[in-house]
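This report refers to the structure that appears directly beneath it.
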Amino acid sequence: MAAAPTPPTPKRPGKPKPRRIRPTGDTPPPSPVRHYADFTAALLAWFQTGARDLPWRRTRDPYAIWVSEIMLQQTQVKTVIPYWERWMQHLPTPGALAAAAPETVHKLWEGLGYYSRGRRLQEGARVIQTEHGGVFPHDFAAILALPGVGRYTAGAIASIAFNQPRPILDGNVIRVLARHYGIAGNPRARAVNETLWSLAQDLVTTAATASAPPRAASAFNQALMELGALVCTPRQPQCPSCPVRAACVARRTNRVGELPATPPRPEATKRWFVAVIPEWAGRYLVRRRPEGGVNAGLWEFPNLEFTGAAATSTGADPVAAARAVLGPVPCAPTPLATVRHSITRYRITLTAHRAVVTDAVAAAALPGEWRTPAELAALSFPSAHRKLCDRLPHPARPTV
DNA sequence: CATCCGTGGAG
DNA sequence: TCTCCAAGGAT
């Protein structure tokens with residue numbers, strides 16, 4: 001139980017219930033109240049000296065922080081930095097994003113993955129325009145109501161941008177808290193997950209109380225994640241340099257390597273795709289992926305998935321591949337490239353062929369649109385197909 | 001509660 | 001090459 005009053009939390013009405021930390025070690029926990037204060041103070045002090053200079057830490061603009069948080073979902077900091085810089089340069093305000101062409105959003109997101117994030121970001125910007133007068137909402141419930149914003153992201157924006165003592169719980173925080181407090185069990189299972197959220201709430205509340213430094217809620221939540229990213233890492237954690245190592249249950253009980261529990265992942269499934277890139281008069285045929293599906297609105301080269309024995313044999317035979325993908329049209333298919341990539345639990349092999357077609361074939365209604373390499377550069381592709389662009393005779397480089 | 005959604009870095 | 005997983009959310 002925290003020393004400070006818990007801020008109003010719509011999710012937990014009723015009397016404030018004392019919370020119990022359940023270390024699985026044999027050592028009883030120290031007094032929670034005193035420990036929380038020690039923990040938050042140590043982490044805040046460490047963060048002041050050890051924080052990385054990330055671009056979105058140079059601003060308090062809630063829009064900028066929102067964009068960063070959406071980009072950072074399941075995506076590493078190093079990957080996000082250039083995307084965030086470009087995005088903020090082109091779409092610096094909710095108004096600019098709300099008014100942007102969807103193609104602009106796609107292009108700025110190209111290669112980042114989970115493309116629905118970009119679409120929902122724009123939907124959110126339109127909500128801000130229409131329901132909040134173009135001003136990013138301070139109210140937690142309003143932030144949480146934005147599309148693509150869940151419990152974690154809402155807490156991150158509320159705390160980081162507005163210094164509200166809202167908890168966050170991401171992969172980093174799960175790891176730090178599970179180890180520090182010796183919390184066993186699957187952190188994604190309901191009971192364990194709620195224990196972790198409660199702990200995160202108590203800690204940020206403690207951090208934000210009276211004698212705290214300015215913007216302590218903001219700093220503390222970032223410090224939790226920073227510790228998980230730099231010190232309390234999944235593999236080879238740097239315990240000797242941890243600012244809270246003395247009270248760490250996992251370290252005292254020699255279970256740093258076992259916490260947090262990691263449930264088995266679904267087994268990877270191999271899949272094979274064959275793409276055929278029709279070429280005519282210096283142009284290539286591309287098609288747009290349908291709305292509502294994977295990679296909605298992005299462009300791709302004509303392709304098909306093959307299963308079983310047909311997969312490898314068709315991938316090796318350009319003529320059979322062209323026939324399967326394009327139908328019985330005369331063309332001269334030649335191998336172009338094979339691209340391997342992973343999509344969630346799928347391990348995909350994409351084999352591509354160039355297929356020069358005659359005027360008559362080009363005039364016939366092949367499904368798609370003819371584009372020059374320069375035009376391809378302006379479109380947005382999933383990474384695998386963007387790689388195919390790069391292998392064409394005149395590579396089309398992305399330009400934003 | 002389980003599954004899906006993309007990609008790239010690190011070891 | 002292969003595995004894990006990274007500032008998760010929606011369905």
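FYI, nothing fancy with the structure tokens labels: chains A, B, ... in order, residues from 1 per chain, ligands from 1 as they appear.
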| message | Would you mind listing, as a PyMOL selection string, all residues of chain A that have at least one atom within 7 Å of chain B, where only C-alpha atoms (C1' of nucleotides) are what counts? | response | chain A and resi 111-114+343-344
Those residues you just picked out, can you put them in a file as an mmCIF file, in the first residue's frame with all heavy atoms?
```
data_model
loop_
_atom_site.group_PDB
_atom_site.id
_atom_site.type_symbol
_atom_site.label_atom_id
_atom_site.label_comp_id
_atom_site.auth_asym_id
_atom_site.auth_seq_id
_atom_site.Cartn_x
_atom_site.Cartn_y
_atom_site.Cartn_z
ATOM 1 N N GLY A 111 7.739 0.370 -43.810
ATOM 2 C CA GLY A 111 8.871 -0.336 -43.236
ATOM 3 C C GLY A 111 8.812 -0.459 -41.728
ATOM 4 O O GLY A 111 9.598 -1.198 -41.134
ATOM 5 N N LEU A 112 7.884 0.247 -41.096
ATOM 6 C CA LEU A 112 7.802 0.215 -39.629
ATOM 7 C C LEU A 112 6.964 -0.967 -39.139
ATOM 8 O O LEU A 112 7.122 -1.410 -37.998
ATOM 9 C CB LEU A 112 7.218 1.535 -39.125
ATOM 10 C CG LEU A 112 7.491 1.947 -37.686
ATOM 11 C CD1 LEU A 112 8.961 1.845 -37.337
ATOM 12 C CD2 LEU A 112 6.987 3.367 -37.445
ATOM 13 N N GLY A 113 6.079 -1.468 -39.991
ATOM 14 C CA GLY A 113 5.276 -2.621 -39.615
ATOM 15 C C GLY A 113 4.030 -2.277 -38.815
ATOM 16 O O GLY A 113 3.843 -1.123 -38.399
ATOM 17 N N TYR A 114 3.182 -3.269 -38.601
ATOM 18 C CA TYR A 114 1.894 -3.053 -37.923
ATOM 19 C C TYR A 114 1.237 -1.792 -38.464
ATOM 20 O O TYR A 114 1.026 -0.813 -37.749
ATOM 21 C CB TYR A 114 2.087 -2.949 -36.413
ATOM 22 C CG TYR A 114 2.456 -4.242 -35.737
ATOM 23 C CD1 TYR A 114 3.568 -4.319 -34.920
ATOM 24 C CD2 TYR A 114 1.691 -5.371 -35.902
ATOM 25 C CE1 TYR A 114 3.909 -5.509 -34.288
ATOM 26 C CE2 TYR A 114 2.020 -6.562 -35.277
ATOM 27 C CZ TYR A 114 3.127 -6.623 -34.474
ATOM 28 O OH TYR A 114 3.458 -7.798 -33.851
ATOM 29 N N ILE A 343 6.755 -12.733 -40.491
ATOM 30 C CA ILE A 343 5.582 -11.962 -40.104
ATOM 31 C C ILE A 343 4.978 -12.698 -38.921
ATOM 32 O O ILE A 343 4.450 -13.793 -39.071
ATOM 33 C CB ILE A 343 4.572 -11.862 -41.253
ATOM 34 C CG1 ILE A 343 5.209 -11.160 -42.449
ATOM 35 C CG2 ILE A 343 3.338 -11.125 -40.803
ATOM 36 C CD1 ILE A 343 4.330 -11.167 -43.684
ATOM 37 N N THR A 344 5.039 -12.079 -37.773
ATOM 38 C CA THR A 344 4.601 -12.689 -36.519
ATOM 39 C C THR A 344 5.139 -14.120 -36.428
ATOM 40 O O THR A 344 6.337 -14.317 -36.376
ATOM 41 C CB THR A 344 3.058 -12.658 -36.379
ATOM 42 O OG1 THR A 344 2.469 -13.449 -37.408
ATOM 43 C CG2 THR A 344 2.560 -11.249 -36.477
#
```
Please identify all residues of chain C having at least one atom at most 10 Å from any atom of chain A, considering only C-alpha atoms (C1' of nucleotides), and return them as number ranges by chain. C: 4-10
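Taking atom CA of Arg120 of chain A as the reference point, atom CA of Phe220 of chain A is found at 28.0 Å.
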(request) Could you give me, as number ranges by chain, each residue of segment 267-303 of chain A that DSSP assigns to strand (DSSP E or B) when run on this structure's backbone? (result) A: 269-280, 283-288, 299-300, 303
Writer output for current selection, C-alpha atoms, as a PDB file, in the first residue's frame:
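Now in result.pdb:
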```
ATOM      1  CA  THR A 269       4.957 -21.868 -39.497  1.00  0.00           C
ATOM      2  CA  LYS A 270       6.660 -21.853 -42.869  1.00  0.00           C
ATOM      3  CA  ARG A 271       4.826 -20.317 -45.805  1.00  0.00           C
ATOM      4  CA  TRP A 272       5.760 -19.888 -49.454  1.00  0.00           C
ATOM      5  CA  PHE A 273       4.718 -17.105 -51.788  1.00  0.00           C
ATOM      6  CA  VAL A 274       5.505 -16.600 -55.452  1.00  0.00           C
ATOM      7  CA  ALA A 275       5.411 -13.139 -56.979  1.00  0.00           C
ATOM      8  CA  VAL A 276       5.470 -12.350 -60.662  1.00  0.00           C
ATOM      9  CA  ILE A 277       6.325  -8.823 -61.718  1.00  0.00           C
ATOM     10  CA  PRO A 278       4.956  -8.077 -65.180  1.00  0.00           C
ATOM     11  CA  GLU A 279       7.100  -5.594 -67.088  1.00  0.00           C
ATOM     12  CA  TRP A 280       6.048  -3.618 -70.128  1.00  0.00           C
ATOM     13  CA  ARG A 283       6.738  -0.111 -66.283  1.00  0.00           C
ATOM     14  CA  TYR A 284       5.809  -2.710 -63.688  1.00  0.00           C
ATOM     15  CA  LEU A 285       2.449  -4.014 -62.614  1.00  0.00           C
ATOM     16  CA  VAL A 286       1.482  -3.425 -58.993  1.00  0.00           C
ATOM     17  CA  ARG A 287      -1.755  -3.772 -57.101  1.00  0.00           C
ATOM     18  CA  ARG A 288      -3.139  -2.304 -53.930  1.00  0.00           C
ATOM     19  CA  TRP A 299       0.993  -1.850 -52.665  1.00  0.00           C
ATOM     20  CA  GLU A 300       2.449  -5.172 -53.744  1.00  0.00           C
ATOM     21  CA  ASN A 303       1.628 -12.927 -55.918  1.00  0.00           C
TER      22      ASN A 303
END
```
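We find atom CA of Ile183 of chain A and atom CA of Ile160 of chain A to be spaced 26.0 Å apart.
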DSSP helix (DSSP H, G or I) residues within segment 130-277 of chain A, listed as number ranges by chain: A: 130-131, 140-144, 151-162, 171-180, 190-207, 216-230, 239-241, 245-247, 249-252
Write the residues you've just listed into a file as a compact mmCIF listing (two decimals), in the first residue's frame, and include C-alpha atoms for each of them.
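Heads up, here's the output in again36.txt:
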```txt
# COMPACT_ATOMS: atom_id res chain seq x y z
CA THR A 130 -13.69 17.03 -34.18
CA GLU A 131 -14.18 16.20 -30.51
CA PHE A 140 -7.27 10.09 -19.15
CA ALA A 141 -10.51 8.57 -20.34
CA ALA A 142 -10.39 10.72 -23.46
CA ILE A 143 -6.82 9.68 -24.17
CA LEU A 144 -7.72 6.04 -23.66
CA ARG A 151 -4.06 0.96 -21.19
CA TYR A 152 -0.32 1.21 -21.53
CA THR A 153 -0.22 3.99 -24.11
CA ALA A 154 -2.83 6.08 -22.32
CA GLY A 155 -0.82 5.83 -19.12
CA ALA A 156 2.36 6.72 -20.93
CA ILE A 157 0.89 9.83 -22.54
CA ALA A 158 -0.88 10.96 -19.37
CA SER A 159 2.25 10.57 -17.29
CA ILE A 160 4.98 11.58 -19.71
CA ALA A 161 3.22 14.51 -21.36
CA PHE A 162 0.98 15.71 -18.52
CA GLY A 171 7.56 -5.36 -21.51
CA ASN A 172 10.30 -3.42 -19.75
CA VAL A 173 8.22 -2.62 -16.68
CA ILE A 174 6.98 -6.19 -16.43
CA ARG A 175 10.56 -7.40 -16.39
CA VAL A 176 11.76 -4.85 -13.83
CA LEU A 177 8.87 -5.38 -11.43
CA ALA A 178 8.71 -9.15 -11.79
CA ARG A 179 12.39 -9.38 -10.93
CA HIS A 180 12.56 -6.71 -8.28
CA ARG A 190 -5.04 -12.00 -15.46
CA ALA A 191 -4.16 -12.21 -11.77
CA VAL A 192 -0.43 -11.65 -12.20
CA ASN A 193 -1.04 -8.88 -14.70
CA GLU A 194 -3.33 -6.99 -12.33
CA THR A 195 -0.80 -7.39 -9.52
CA LEU A 196 1.79 -5.77 -11.74
CA TRP A 197 -0.53 -2.93 -12.72
CA SER A 198 -1.33 -2.27 -9.05
CA LEU A 199 2.33 -2.22 -8.24
CA ALA A 200 3.03 0.20 -11.09
CA GLN A 201 0.20 2.40 -9.81
CA ASP A 202 1.50 2.45 -6.24
CA LEU A 203 5.01 3.23 -7.37
CA VAL A 204 4.14 6.14 -9.64
CA THR A 205 1.87 7.49 -6.94
CA THR A 206 4.70 7.31 -4.45
CA ALA A 207 7.06 8.94 -6.91
CA ALA A 216 8.30 13.10 -11.04
CA ALA A 217 5.48 10.96 -12.44
CA SER A 218 6.76 11.58 -15.93
CA ALA A 219 10.36 10.92 -14.99
CA PHE A 220 9.62 7.87 -12.88
CA ASN A 221 7.65 6.02 -15.53
CA GLN A 222 10.33 6.71 -18.08
CA ALA A 223 12.94 5.62 -15.56
CA LEU A 224 11.19 2.27 -15.11
CA MET A 225 11.30 1.64 -18.84
CA GLU A 226 14.81 2.98 -19.15
CA LEU A 227 16.03 0.59 -16.48
CA GLY A 228 14.42 -2.30 -18.31
CA ALA A 229 15.92 -1.20 -21.61
CA LEU A 230 19.47 -0.48 -20.41
CA CYS A 239 22.89 -6.14 -12.12
CA PRO A 240 26.12 -4.66 -10.75
CA SER A 241 25.20 -1.26 -12.15
CA ARG A 245 19.98 -3.98 -6.88
CA ALA A 246 20.19 -4.07 -3.08
CA ALA A 247 16.46 -4.71 -2.69
CA VAL A 249 14.24 -10.15 -4.82
CA ALA A 250 15.30 -11.95 -7.98
CA ARG A 251 18.91 -11.06 -7.34
CA ARG A 252 18.77 -12.05 -3.67
```
